[in-house]
$ cat upload.cif   # mmCIF, C-alpha atoms
data_model
loop_
_atom_site.label_atom_id
_atom_site.label_comp_id
_atom_site.auth_asym_id
_atom_site.auth_seq_id
_atom_site.Cartn_x
_atom_site.Cartn_y
_atom_site.Cartn_z
CA MET I 29 34.44 96.98 3.16
CA PRO I 30 31.84 94.28 3.08
CA ARG I 31 33.11 90.79 3.62
CA GLU I 32 33.36 88.52 0.55
CA LEU I 33 31.41 85.34 0.95
CA ARG I 34 33.21 82.27 -0.22
CA LYS I 35 31.47 79.09 -1.34
CA ARG I 36 32.39 76.02 0.53
CA LYS I 37 33.66 73.11 -1.52
CA ALA I 38 31.38 70.10 -1.61
CA PRO I 39 32.87 67.16 0.17
CA ALA I 40 34.41 64.61 -2.19
CA VAL I 41 32.14 61.62 -2.80
CA GLU I 42 33.92 58.33 -2.50
CA PRO I 43 33.15 55.85 -5.32
CA ALA I 44 30.69 53.15 -4.39
CA THR I 45 32.37 49.88 -3.67
CA ALA I 46 30.90 46.59 -4.79
CA PRO I 47 29.75 44.25 -2.04
CA PRO I 48 32.36 41.67 -1.18
CA ALA I 49 31.97 38.51 -3.19
CA LYS I 50 30.71 35.47 -1.36
CA LYS I 51 33.24 32.83 -0.87
CA ALA I 52 32.44 29.60 -2.67
CA GLN I 53 31.32 27.04 -0.23
CA LYS I 54 33.18 23.82 -0.28
CA LYS I 55 31.01 20.87 -1.12
CA GLY I 56 31.15 18.22 1.49
CA PRO I 57 30.39 14.49 1.07
CA GLY I 58 26.68 15.16 1.59
CA ALA I 59 26.49 17.64 -1.29
CA LYS I 60 28.23 15.21 -3.63
CA ALA I 61 25.78 12.48 -2.70
CA VAL I 62 22.81 14.76 -3.42
CA ALA I 63 24.29 15.67 -6.82
CA LYS I 64 24.64 11.98 -7.71
CA VAL I 65 21.02 11.30 -6.74
CA LYS I 66 19.82 14.21 -8.91
CA GLU I 67 21.84 12.90 -11.83
CA ALA I 68 20.43 9.40 -11.38
CA VAL I 69 16.79 10.47 -11.31
CA ALA I 70 17.09 13.05 -14.10
CA PRO I 71 15.44 11.84 -17.36
CA LYS I 72 17.96 10.65 -19.91
CA THR I 73 17.61 11.12 -23.62
CA GLU I 74 17.56 7.86 -25.56
CA GLU I 75 20.20 7.30 -28.20
CA ALA I 76 18.87 7.15 -31.70
CA ILE I 77 18.87 3.68 -33.27
CA PRO I 78 21.01 3.65 -36.41
CA ALA I 79 18.94 3.45 -39.56
CA LYS I 80 19.36 1.00 -42.39
CA PRO I 81 20.22 2.28 -45.86
CA ASN I 82 16.51 1.99 -46.73
CA GLY I 83 15.59 4.23 -43.79
CA ARG I 84 14.12 1.64 -41.43
CA SER I 85 15.44 0.95 -37.95
CA ALA I 86 18.33 -1.46 -37.73
CA THR I 87 17.54 -4.86 -36.21
CA LYS I 88 19.67 -6.18 -33.39
CA ILE I 89 21.52 -9.27 -34.60
CA LYS I 90 20.87 -11.96 -32.03
CA GLU I 91 20.04 -15.66 -32.16
CA GLY I 92 16.31 -16.25 -31.99
CA VAL I 93 15.41 -12.80 -33.35
CA ALA I 94 13.35 -12.62 -36.54
CA ILE I 95 14.48 -10.09 -39.14
CA ASP I 96 12.59 -8.46 -42.00
CA LEU I 97 14.36 -9.85 -45.04
CA GLU I 98 12.88 -7.25 -47.40
CA GLY I 99 15.77 -4.88 -48.16
CA PHE I 100 17.97 -6.39 -45.45
CA GLY I 101 21.66 -5.96 -46.31
CA GLY I 102 21.07 -4.29 -49.65
CA GLU I 103 22.18 -5.71 -52.99
CA ILE I 104 25.23 -7.93 -53.42
CA GLU I 105 26.80 -9.81 -56.33
CA THR I 106 27.77 -13.41 -56.93
CA HIS I 107 31.29 -14.36 -58.05
CA ASP I 108 29.96 -14.71 -61.60
CA GLY I 109 28.44 -11.22 -61.65
CA VAL I 110 24.76 -11.86 -60.85
CA LYS I 111 23.03 -9.26 -58.65
CA THR I 112 21.10 -10.71 -55.72
CA THR I 113 19.88 -10.09 -52.15
CA LEU I 114 19.68 -12.10 -48.95
CA LYS I 115 15.90 -12.30 -49.30
CA LYS I 116 16.20 -13.81 -52.76
CA LEU I 117 18.76 -16.35 -51.56
CA VAL I 118 16.48 -17.36 -48.67
CA ASP I 119 13.44 -17.60 -50.95
CA GLU I 120 15.35 -19.89 -53.32
CA SER I 121 16.60 -22.13 -50.49
CA LYS I 122 14.77 -25.15 -49.03
CA GLY I 123 15.48 -24.53 -45.37
CA GLY I 124 17.39 -21.25 -45.02
CA VAL I 125 20.78 -19.72 -45.74
CA VAL I 126 24.25 -20.10 -44.21
CA LEU I 127 26.63 -17.19 -44.79
CA PHE I 128 30.21 -17.68 -43.68
CA THR I 129 32.35 -14.55 -43.89
CA TYR I 130 36.07 -14.45 -44.55
CA PRO I 131 38.49 -11.48 -44.60
CA LYS I 132 40.32 -12.12 -47.89
CA ALA I 133 40.11 -14.77 -50.59
CA SER I 134 43.04 -17.16 -51.11
CA THR I 135 44.76 -16.39 -47.79
CA PRO I 136 45.69 -19.36 -45.52
CA GLY I 137 42.95 -19.01 -42.88
CA CYS I 138 40.24 -18.26 -45.45
CA THR I 139 41.35 -21.17 -47.63
CA LYS I 140 41.13 -23.53 -44.64
CA GLN I 141 37.64 -22.26 -43.77
CA ALA I 142 36.35 -22.45 -47.36
CA CYS I 143 37.75 -25.95 -47.88
CA GLN I 144 36.16 -27.23 -44.67
CA PHE I 145 32.77 -26.00 -45.87
CA ARG I 146 33.55 -27.68 -49.22
CA ASP I 147 34.46 -31.00 -47.60
CA GLU I 148 31.36 -30.92 -45.34
CA TYR I 149 29.04 -29.55 -48.01
CA VAL I 150 26.83 -32.64 -48.40
CA PRO I 151 26.05 -33.21 -44.70
CA LEU I 152 25.73 -29.47 -44.02
CA THR I 153 23.08 -29.08 -46.73
CA ALA I 154 21.19 -32.28 -45.86
CA THR I 155 18.45 -30.40 -43.97
CA GLY I 156 17.87 -27.79 -46.65
CA PHE I 157 20.46 -25.11 -45.92
CA SER I 158 22.05 -23.26 -48.85
CA ILE I 159 25.67 -22.31 -48.16
CA PHE I 160 27.43 -19.17 -49.39
CA GLY I 161 30.83 -17.63 -48.75
CA LEU I 162 30.74 -13.85 -48.25
CA SER I 163 33.59 -11.32 -48.47
CA ILE I 164 34.51 -7.87 -49.77
CA ASP I 165 36.58 -9.43 -52.58
CA SER I 166 35.89 -8.65 -56.24
CA PRO I 167 34.09 -11.14 -58.50
CA LYS I 168 37.40 -11.89 -60.21
CA ALA I 169 39.22 -12.65 -56.95
CA ASN I 170 36.37 -14.84 -55.70
CA THR I 171 36.09 -16.65 -59.04
CA ASN I 172 39.80 -17.51 -58.92
CA PHE I 173 39.39 -18.64 -55.30
CA LYS I 174 36.42 -20.87 -56.16
CA GLU I 175 38.06 -22.45 -59.19
CA LYS I 176 41.43 -23.05 -57.52
CA GLN I 177 39.90 -24.70 -54.42
CA LYS I 178 37.07 -26.41 -56.38
CA LEU I 179 34.44 -24.97 -54.05
CA SER I 180 30.98 -26.49 -54.41
CA TYR I 181 28.99 -23.37 -53.49
CA THR I 182 28.56 -19.77 -54.64
CA LEU I 183 30.77 -16.96 -53.32
CA LEU I 184 29.19 -13.55 -52.69
CA CYS I 185 30.92 -10.20 -53.22
CA ASP I 186 30.08 -7.31 -50.89
CA PRO I 187 32.70 -4.58 -51.46
CA GLY I 188 30.39 -1.96 -49.93
CA LEU I 189 30.02 -4.03 -46.73
CA THR I 190 26.24 -3.58 -46.80
CA LEU I 191 25.29 -7.18 -46.03
CA ILE I 192 28.38 -7.83 -43.90
CA SER I 193 27.50 -4.81 -41.76
CA ALA I 194 23.84 -5.83 -41.53
CA ILE I 195 24.72 -9.26 -40.10
CA GLY I 196 27.08 -7.70 -37.57
CA LEU I 197 30.40 -8.94 -38.97
CA LYS I 198 31.99 -5.72 -40.19
CA LYS I 199 35.42 -4.95 -38.77
CA SER I 200 36.19 -1.22 -38.63
CA PRO I 201 36.91 0.66 -40.69
CA ASP I 202 36.42 -1.38 -43.87
CA LYS I 203 37.28 -5.01 -43.20
CA THR I 204 35.45 -8.23 -42.40
CA ASN I 205 35.40 -10.39 -39.27
CA ARG I 206 35.50 -14.12 -39.90
CA GLY I 207 32.20 -15.55 -38.76
CA VAL I 208 28.94 -17.27 -39.60
CA PHE I 209 25.31 -16.17 -39.94
CA VAL I 210 22.41 -18.62 -40.34
CA VAL I 211 18.79 -17.63 -41.02
CA ASP I 212 15.80 -19.87 -41.68
CA LYS I 213 13.00 -19.46 -44.22
CA SER I 214 10.92 -17.32 -41.87
CA GLY I 215 13.76 -14.86 -41.26
CA LYS I 216 14.62 -16.15 -37.78
CA ILE I 217 18.32 -15.98 -36.91
CA LEU I 218 19.57 -19.44 -35.89
CA ALA I 219 23.23 -18.47 -35.42
CA ALA I 220 25.29 -15.30 -35.65
CA GLY I 221 28.80 -14.39 -34.55
CA ALA I 222 32.52 -14.35 -35.21
CA GLY I 223 34.56 -17.53 -35.07
CA SER I 224 37.58 -19.49 -36.23
CA PRO I 225 37.71 -21.37 -39.56
CA SER I 226 36.78 -24.66 -37.87
CA GLY I 227 34.45 -22.98 -35.38
CA THR I 228 32.20 -21.54 -38.08
CA VAL I 229 31.78 -25.00 -39.61
CA GLU I 230 31.02 -26.57 -36.21
CA VAL I 231 28.21 -24.07 -35.60
CA VAL I 232 26.39 -25.27 -38.72
CA GLN I 233 27.13 -28.93 -37.88
CA ARG I 234 25.39 -28.51 -34.51
CA LEU I 235 22.37 -26.88 -36.16
CA VAL I 236 22.07 -29.71 -38.68
CA ALA I 237 22.48 -32.35 -35.97
CA GLY I 238 19.56 -30.79 -34.09
CA GLY I 239 17.36 -30.52 -37.16
CA GLY I 240 18.14 -26.90 -37.99
CA GLY I 241 17.09 -25.89 -41.46
CA LEU I 242 14.44 -28.54 -41.94
CA VAL I 243 11.32 -27.25 -43.63
CA ALA I 244 7.84 -28.38 -42.67
CA GLU I 245 7.29 -31.90 -44.02
CA GLU I 246 4.00 -33.41 -45.13
CA ASP I 247 2.79 -36.34 -43.02
CA GLU I 248 1.73 -38.95 -45.56
CA GLU I 249 -0.60 -40.82 -43.19
CA GLU I 250 -2.38 -37.89 -41.56
CA GLY I 251 -2.03 -35.36 -44.38
CA SER I 252 -0.86 -32.71 -41.91
CA SER I 253 2.41 -30.79 -41.82
CA LYS I 254 4.86 -31.09 -38.96
CA GLU I 255 7.78 -28.76 -38.25
CA ALA I 256 11.16 -30.32 -37.60
CA PRO I 257 13.00 -29.27 -34.43
CA VAL I 258 15.71 -26.62 -34.63
CA ALA I 259 19.00 -26.86 -32.73
CA ASN I 260 19.66 -25.05 -29.46
CA GLY I 261 15.98 -25.00 -28.57
CA VAL I 262 15.18 -22.23 -31.08
CA ASN I 263 11.77 -22.68 -32.70
CA GLY I 264 11.46 -26.31 -31.53
CA SER I 265 12.99 -29.06 -29.41
CA SER I 266 16.68 -29.54 -28.77
CA LYS I 267 18.59 -32.72 -29.54
CA GLU I 268 18.57 -33.67 -25.85
CA ASP I 269 14.78 -33.27 -25.67
CA VAL I 270 14.33 -35.56 -28.67
CA ALA I 271 16.57 -38.21 -27.06
CA LYS I 272 14.61 -38.04 -23.79
CA ALA I 273 11.34 -38.44 -25.67
CA GLU I 274 12.67 -41.53 -27.45
CA VAL I 275 13.75 -43.13 -24.15
CA ALA I 276 10.36 -42.38 -22.59
CA ALA I 277 8.61 -44.00 -25.55
CA GLN I 278 10.76 -47.13 -25.21
CA VAL I 279 9.99 -47.40 -21.49
CA ALA I 280 6.26 -47.03 -22.14
CA ASP I 281 6.41 -49.67 -24.87
CA THR I 282 8.23 -52.11 -22.58
CA ALA I 283 5.72 -51.55 -19.78
CA GLU I 284 2.85 -52.20 -22.16
CA LYS I 285 4.39 -55.52 -23.28
CA LEU I 286 4.87 -56.64 -19.66
CA ASP I 287 1.24 -55.86 -18.87
CA LYS I 288 0.10 -57.94 -21.85
CA ASN I 289 2.33 -60.87 -20.80
CA GLU I 290 0.98 -60.80 -17.24
CA ALA I 291 -2.59 -60.69 -18.51
CA ALA I 292 -1.97 -63.67 -20.80
CA ALA I 293 -0.36 -65.68 -17.97
CA ALA I 294 -3.33 -65.03 -15.72
#
$ encode --input "upload.cif" --output "structure tokens"
Amino acid sequence: MPRELRKRKAPAVEPATAPPAKKAQKKGPGAKAVAKVKEAVAPKTEEAIPAKPNGRSATKIKEGVAIDLEGFGGEIETHDGVKTTLKKLVDESKGGVVLFTYPKASTPGCTKQACQFRDEYVPLTATGFSIFGLSIDSPKANTNFKEKQKLSYTLLCDPGLTLISAIGLKKSPDKTNRGVFVVDKSGKILAAGAGSPSGTVEVVQRLVAGGGGLVAEEDEEEGSSKEAPVANGVNGSSKEDVAKAEVAAQVADTAEKLDKNEAAAA
């Protein structure tokens, strides 16, 4: 009988194995240093400047900086219900506006602060400043505060914290930092910052002592205008500079008299 041919079985194919994974290399001190250098030189995206309610860029509140008063701080209300703005208050003033902020009407610290501004009202307004108290209190609460303490100036109501925020004295989330903000007729910030009841008054006293708030005065003899110096060297000479100039003038005058006397004796 013929032999029966049998087919050989194909050898079993082993499944392909994936190449062994590479072990993660440990980063040494050199690699970390390189990573830090790359991070340092990589271009950084600038943070967006927060916008004002009217859509324009917010101005950094800092002494010596000029602000655009148009639309600055939005609309506020006086204690007797009259709508107004910071720009209008500045326009109506002779030499600029002083805003002192207080957390809550008729509380001990706020009463002390308001009464000190009341007691110093005449000297503080001598150079043309107009003084206003500013808080988030309602017109009724501020009216009661004004009448009880016999305050000689207008109180401003800013329940929405629009102006308080704009001058940098908002306390998160919806309160007010005690402080003072002073701006002249041109919109230049003369003082800005938080402070104690007495400290806020002293800031304005120093400005007034240095001539802060004085508007340009007409020279009767020459018919030209001259700008009074502003305290702290902002927009003019400081109090110390004025004193030095006076001493120098006295010395020059004395020297001139001595020269005349010597010439007469000769």
$ resolve_selection --input "upload.cif" --expression "the PyMOL selection byres ((chain I and resi 105) around 12)" --output "number ranges by chain"
I: 101-104, 106-114, 116-117, 160-168, 170-171, 182-191
$ resolve_selection --input "upload.cif" --expression "the PyMOL selection byres ((chain I and resi 121-137) around 7)" --output "ChimeraX atom specification"
/I:117-120,138-141,155-163,165,169-170,173,203-213,225,241-243
$ closest_residue --input "upload.cif" --among "I:Ala219, I:Val236, I:Ile192, I:Ala154" --to "I:Ala94" --atoms "all atoms listed in the file"
I:Ala219
$ atom_distance --input "upload.cif" --atom1 "atom CA of I:Val93" --atom2 "atom CA of I:Ala220"
10.4 Å
$ atom_distance --input "upload.cif" --atom1 "atom CA of I:Gly240" --atom2 "atom CA of I:Gln177"
27.4 Å
$ atom_distance --input "upload.cif" --atom1 "atom CA of I:Gly99" --atom2 "atom CA of I:Ala222"
23.2 Å
$ closest_residue --input "upload.cif" --among "I:Val150, I:Ala237, I:Phe100, I:Gly221" --to "I:Gly196" --atoms "all atoms listed in the file"
I:Gly221
$ closest_residue --input "upload.cif" --among "I:Glu230, I:Glu175, I:Asp147, I:Glu91" --to "I:Ile195" --atoms "all atoms listed in the file"
I:Glu91
$ axis_aligned_box --input "upload.cif" --around "stretch 187-194 of chain I" --padding-each-side "3 Å" --output "JSON"
{"center_x": 28.3, "center_y": -4.9, "center_z": -46.5, "size_x": 14.9, "size_y": 11.9, "size_z": 15.9}
$ closest_residue --input "upload.cif" --among "I:Val231, I:Tyr149, I:Lys178, I:Asn172" --to "I:Leu218" --atoms "only C-alpha atoms"
I:Val231
$ closest_residue --input "upload.cif" --among "I:Lys199, I:Gln233, I:Glu98, I:Gly238" --to "I:Thr153" --atoms "only C-alpha atoms"
I:Gln233
